[in-house]
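See below for the structure under consideration.
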Amino acid sequence: MFKKTIFKTIFKYAIPNVISMWIFTLYTMIDGVFISRFVGSTALAGVNLALPLINFIFSISIMIGVGSSTLIAIKFGENKYDEGNRIFTLATFLNLFLGIFISAMILFNIDRVINILGANKSQEVYKYVKEYLTIIVFFSVFYMSGYAFEIYIKIDGKPSYPAICVLVGGFTNLILDYVFVVIFHYGVTGAAIATGISQVISCTMLFLYIVLKAKYIKFKKLIKISFDKIAKIFKTGFSEFLTEISSGILILIYNLVILKKIGVLGVSIFGTVSYITSFITMTMIGFSQGIQPVISYNLGKKNHKNLKDILKISIIFLGILGIFCFFFISLFSEYIGKIFFREQDIILYVKIVLRIYSLSYVVVGINIFISAYFTAIKKVIYSALITFPRGILFNSILLLILPNIFGNKVIWMVSFLSEVLTIFICIYLLKKIKREGILSWYEKKKFKRKCSFKSSSSSISNL
C-alpha cells in the first residue's frame with residue numbers, strides 16, 4: 001500500500017474519490033434539473049427544502065465511514081489486519097441498523113419533519129416536499145452503506161473501482177429520471193424513485209466487490225458488540241459529521257431566512273446555487289476524504305515527512321482549484337441559470353447571485369482539507385474547532401444580523417465572509433500543532449542526522 005511517491009499517491013487516491021463525489025452530487029443535481037424544467041420552480045423549491053434531511057442521513061454515513069476507515073487504515077499500517085477488519089464489520093452493521101432506524105423515525109413523523117424543514121400544509125410547496133421525502137427515505141440504508149463501502153474499498157487498494165460503481169449509478173439515475181419524469185410524468189415522486197434505484201445498484205456493486213474480490217478488507221465474526229469501538233468510530237468521524245451536517249443546517253437556515261425575506265422563488269434560486277455549491281464543496285471534500293486513508297496510514301507508519309508533504313501539496317492544490325472554480329462559475333453563471341430555468345428574469349437573478357456566492361469557493365477547499373487533515377492525524381477537537389464555526393456558528397450569526405442592516409443582497413455574501421473568518425482559525429491551529437512538534441518532528445530528526453554527520457566528518461578530519 002502507498003508505495004509510490006507521495007505526490008502520485010495523493011492524486012491516485014484523491015481523484016477517484018472526487019469523481020465519486022461528483023457523481024454522488026449529480027444524483028440530486030440531475031433531479032433538480034428535471035424537476036425545475038419539467039415540473040416547475042415550486043417543485044424545485046420543495047426538493048431544496050428536503051435537502052437538509054437528506055444531508056443529515058448522509059452525514060451519519062460519513063461519520064461512520066470516515067471514523068471507521070481512519071481506524072482501519074491505522075490498524076493496517078500497524079499490520080493488525082484482524083483488528084482492522086473487526087472494526088470494518090462492526091461499522092457495516094452499525095450503518096445498517098442506523099439506516100433502518102432513521103428511516104422509520106422519519107416516516108412515522110413525516111409531517112412534523114416537513115414543518116421543521118420550513119413548509120406547512122397551507123403552502124403549495126408542502127406536497128412536493130412530502131412526495132420527495134416519502135420515497136427517498138426508503139433508500140436510506142443503501143445511501144448510507146454505499147458511501148462507507150466506497151471508502152473501505154479504497155483502503156483495500158482499489159481507489160478506482162468505487163468511482164466506476166458510482167458512475168454506473170449516475171447513468172442509471174439520468175436514464176430513469178428521463179423515463180419517470182419526462183415520459184411517464186411522475187414528477188417529484190419519479191425523480192425520487194430514480195435516485196433510489198440508482199443507489200441500490202451502486203451499493204450492490206460495491207458490496208459484491210468486498211465479498212468476492214477484496215484482498216485486505218474482510219468480514220469477521222463479531223463475538224459481541226463493542227460499544228467502546230463504536231464510541232471511537234463516532235469520535236474519530238465526528239468532525240467530518242460536523243462538516244457535512246453543517247452544510248445541511250446551513251441550507252436549512254438559508255431556506256428559512258430566504259422564505260421569510262424573499263419567498264418561495266428565492267428558495268428556488270438558492271436551490272440552484274446549492275446544487276452548484278455542493279458540486280464545488282464535494283470536490284473539495286472528495287479530495288480531502290480520498291487521501292485521509294493515506295494520511296492515517298503514514299501516521300501509523302510514523303512517516304512524518306510524508307505527513308508534512310501531504311499538507312503542503314494539498315493546500316497549494318486546493319487554493320489554485322478554488323480560484324479556478326470562482327472564475328469559472330462567475331464566467332458561466334448565466335448558462336448555469338439556463339440549465340435550470342426557462343424564465344429570463346429568473347436566469348438573470350441566478351447570474352447575479354452566483355457571481356456573489358462563488359467568492360466563497362476561493363478558500364472553502366483549504367478549510368475543508370485542514371479539518372480533514374486534523375481528523376486523520378487524530379486531532380479531532382481541532383477539526384471540530386474548524387467545522388462548527390465554519391458551518392453553523394459564523395453563518396447563523398451573519399445571516400441573522402447582516403440582512404437587517406444591509407438588505408437582502410448581503411444574504412449571498414454570508415458564505416464568503418464565514419469562510420474568510422474560518423481561515424484565520426485554520427492558520428492559528430496549524431501554528432499550534434507546529435509548536436507542539438507534530439509538523440516539526442521531521443526537521444528535528446533531519447537536523448540531528450546533519451549534526452551526527454558533521455561530528456563524524458570532524459572526527460575523520462582529525463585523524
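Residue numbering restarts at 1 in every chain; chains get A, B, ... in the order shown in the C-alpha cells, and ligands count up from 1 in that same order.
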Inset, instruction - Give me every alpha helix (DSSP H) residue in stretch 115-226 of chain A, going by DSSP on the backbone, as a ChimeraX atom specification. - result: /A:115-117,125-136,140-155,161-177,187-212
Write a file of the just-selected residues containing C-alpha atoms, as a PDB file, in the first residue's frame.
```
ATOM      1  CA  ASN A 115     -42.703  21.580   9.317  1.00  0.00           C
ATOM      2  CA  ILE A 116     -39.187  21.744  10.798  1.00  0.00           C
ATOM      3  CA  LEU A 117     -37.793  21.974   7.248  1.00  0.00           C
ATOM      4  CA  VAL A 125     -44.568  23.596  -1.802  1.00  0.00           C
ATOM      5  CA  TYR A 126     -45.559  21.281   1.103  1.00  0.00           C
ATOM      6  CA  LYS A 127     -46.871  18.486  -1.129  1.00  0.00           C
ATOM      7  CA  TYR A 128     -43.636  18.405  -3.145  1.00  0.00           C
ATOM      8  CA  VAL A 129     -41.504  18.082  -0.012  1.00  0.00           C
ATOM      9  CA  LYS A 130     -43.690  15.203   1.223  1.00  0.00           C
ATOM     10  CA  GLU A 131     -43.703  13.380  -2.134  1.00  0.00           C
ATOM     11  CA  TYR A 132     -39.914  13.507  -2.404  1.00  0.00           C
ATOM     12  CA  LEU A 133     -39.096  12.573   1.193  1.00  0.00           C
ATOM     13  CA  THR A 134     -41.620   9.743   1.478  1.00  0.00           C
ATOM     14  CA  ILE A 135     -39.877   7.886  -1.352  1.00  0.00           C
ATOM     15  CA  ILE A 136     -36.217   8.803  -0.877  1.00  0.00           C
ATOM     16  CA  SER A 140     -31.516   5.431   3.281  1.00  0.00           C
ATOM     17  CA  VAL A 141     -29.780   2.109   4.049  1.00  0.00           C
ATOM     18  CA  PHE A 142     -28.312   1.936   0.532  1.00  0.00           C
ATOM     19  CA  TYR A 143     -27.446   5.637   0.604  1.00  0.00           C
ATOM     20  CA  MET A 144     -25.521   5.252   3.877  1.00  0.00           C
ATOM     21  CA  SER A 145     -23.892   1.860   3.291  1.00  0.00           C
ATOM     22  CA  GLY A 146     -22.809   2.669  -0.252  1.00  0.00           C
ATOM     23  CA  TYR A 147     -20.667   5.616   0.762  1.00  0.00           C
ATOM     24  CA  ALA A 148     -18.933   3.666   3.544  1.00  0.00           C
ATOM     25  CA  PHE A 149     -18.224   0.756   1.168  1.00  0.00           C
ATOM     26  CA  GLU A 150     -16.505   3.194  -1.196  1.00  0.00           C
ATOM     27  CA  ILE A 151     -14.002   4.225   1.489  1.00  0.00           C
ATOM     28  CA  TYR A 152     -13.331   0.634   2.589  1.00  0.00           C
ATOM     29  CA  ILE A 153     -12.536  -0.448  -0.962  1.00  0.00           C
ATOM     30  CA  LYS A 154     -10.031   2.417  -1.249  1.00  0.00           C
ATOM     31  CA  ILE A 155      -8.279   1.146   1.873  1.00  0.00           C
ATOM     32  CA  TYR A 161     -13.474   0.762  -8.534  1.00  0.00           C
ATOM     33  CA  PRO A 162     -15.867   2.834  -6.348  1.00  0.00           C
ATOM     34  CA  ALA A 163     -15.817   5.568  -8.996  1.00  0.00           C
ATOM     35  CA  ILE A 164     -16.964   3.003 -11.593  1.00  0.00           C
ATOM     36  CA  CYS A 165     -19.817   1.874  -9.326  1.00  0.00           C
ATOM     37  CA  VAL A 166     -20.981   5.425  -8.655  1.00  0.00           C
ATOM     38  CA  LEU A 167     -20.681   6.222 -12.380  1.00  0.00           C
ATOM     39  CA  VAL A 168     -22.999   3.303 -13.212  1.00  0.00           C
ATOM     40  CA  GLY A 169     -25.424   4.595 -10.583  1.00  0.00           C
ATOM     41  CA  GLY A 170     -25.224   8.111 -12.027  1.00  0.00           C
ATOM     42  CA  PHE A 171     -26.061   6.979 -15.566  1.00  0.00           C
ATOM     43  CA  THR A 172     -28.911   4.875 -14.198  1.00  0.00           C
ATOM     44  CA  ASN A 173     -30.262   7.919 -12.363  1.00  0.00           C
ATOM     45  CA  LEU A 174     -30.080  10.045 -15.513  1.00  0.00           C
ATOM     46  CA  ILE A 175     -31.934   7.486 -17.647  1.00  0.00           C
ATOM     47  CA  LEU A 176     -34.601   6.773 -15.010  1.00  0.00           C
ATOM     48  CA  ASP A 177     -35.150  10.495 -14.369  1.00  0.00           C
ATOM     49  CA  GLY A 187     -42.983  14.385 -11.226  1.00  0.00           C
ATOM     50  CA  VAL A 188     -41.121  14.665  -7.915  1.00  0.00           C
ATOM     51  CA  THR A 189     -42.061  11.086  -6.995  1.00  0.00           C
ATOM     52  CA  GLY A 190     -40.455   9.793 -10.200  1.00  0.00           C
ATOM     53  CA  ALA A 191     -37.240  11.711  -9.518  1.00  0.00           C
ATOM     54  CA  ALA A 192     -37.036  10.224  -6.014  1.00  0.00           C
ATOM     55  CA  ILE A 193     -37.611   6.679  -7.317  1.00  0.00           C
ATOM     56  CA  ALA A 194     -34.912   7.161  -9.965  1.00  0.00           C
ATOM     57  CA  THR A 195     -32.386   8.308  -7.353  1.00  0.00           C
ATOM     58  CA  GLY A 196     -33.285   5.442  -5.002  1.00  0.00           C
ATOM     59  CA  ILE A 197     -32.898   2.713  -7.630  1.00  0.00           C
ATOM     60  CA  SER A 198     -29.536   4.110  -8.739  1.00  0.00           C
ATOM     61  CA  GLN A 199     -28.332   3.998  -5.128  1.00  0.00           C
ATOM     62  CA  VAL A 200     -29.383   0.344  -4.816  1.00  0.00           C
ATOM     63  CA  ILE A 201     -27.412  -0.571  -7.950  1.00  0.00           C
ATOM     64  CA  SER A 202     -24.150   1.170  -6.968  1.00  0.00           C
ATOM     65  CA  CYS A 203     -24.344  -0.087  -3.363  1.00  0.00           C
ATOM     66  CA  THR A 204     -24.877  -3.670  -4.542  1.00  0.00           C
ATOM     67  CA  MET A 205     -21.838  -3.472  -6.849  1.00  0.00           C
ATOM     68  CA  LEU A 206     -19.671  -2.182  -4.007  1.00  0.00           C
ATOM     69  CA  PHE A 207     -20.879  -4.861  -1.594  1.00  0.00           C
ATOM     70  CA  LEU A 208     -20.216  -7.663  -4.084  1.00  0.00           C
ATOM     71  CA  TYR A 209     -16.629  -6.455  -4.554  1.00  0.00           C
ATOM     72  CA  ILE A 210     -15.983  -6.578  -0.805  1.00  0.00           C
ATOM     73  CA  VAL A 211     -17.450 -10.076  -0.510  1.00  0.00           C
ATOM     74  CA  LEU A 212     -15.872 -11.585  -3.626  1.00  0.00           C
TER      75      LEU A 212
END
```
Inset, instruction - Write out as a PyMOL selection string the residues lying within 6 Å of A:Asn17, counting only C-alpha atoms and excluding same-chain residues fewer than 2 positions away. - result: chain A and resi 14-15+19-20+286+290
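Proximity to A:Gly46 was assessed for A:Thr375, A:Asn255, A:Thr236, A:Ser360 counting only C-alpha atoms; the smallest distance is recorded for A:Asn255.
When the distance limit is 6 Å and only C-alpha atoms are what count, the residues near stretch 25-37 of chain A, minus those fewer than 5 positions from it on the same chain, are Leu44, Ala191, Tyr275, Phe279 and Phe340 of chain A.
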Write to file, as a compact mmCIF listing (two decimals), in the first residue's frame, the residues of the selection just made, with N, CA and C atoms.
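Final output, result-v4.txt:
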```
# COMPACT_ATOMS: atom_id res chain seq x y z
N LEU A 44 -39.05 22.51 -7.46
CA LEU A 44 -37.63 22.58 -7.16
C LEU A 44 -37.41 23.12 -5.75
N ALA A 191 -38.64 11.34 -9.74
CA ALA A 191 -37.24 11.71 -9.52
C ALA A 191 -36.67 11.00 -8.29
N TYR A 275 -26.99 23.47 -5.52
CA TYR A 275 -26.51 22.39 -6.37
C TYR A 275 -25.09 22.67 -6.86
N PHE A 279 -21.57 20.81 -5.62
CA PHE A 279 -20.64 20.22 -6.58
C PHE A 279 -19.20 20.67 -6.27
N PHE A 340 -31.27 25.29 -15.52
CA PHE A 340 -32.32 25.01 -14.55
C PHE A 340 -33.65 25.69 -14.87
```
Distance table requested - stretch 267-379 of chain A against stretch 385-401 of chain A, cut-off 9 Å, only C-alpha atoms: one row per qualifying residue with the closest atom pair and its distance in Å to one decimal, ordered by chain and rising residue number, as a tab-separated table.
```
residue	atom	partner	partner_atom	distance
A:Asn367	CA	A:Ile386	CA	7.5
A:Ile368	CA	A:Thr387	CA	7.8
A:Ile370	CA	A:Ile386	CA	8.3
A:Ser371	CA	A:Ile386	CA	6.1
```
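Atom CA of A:Val353 is found 15.0 Å from atom CA of A:Lys261.
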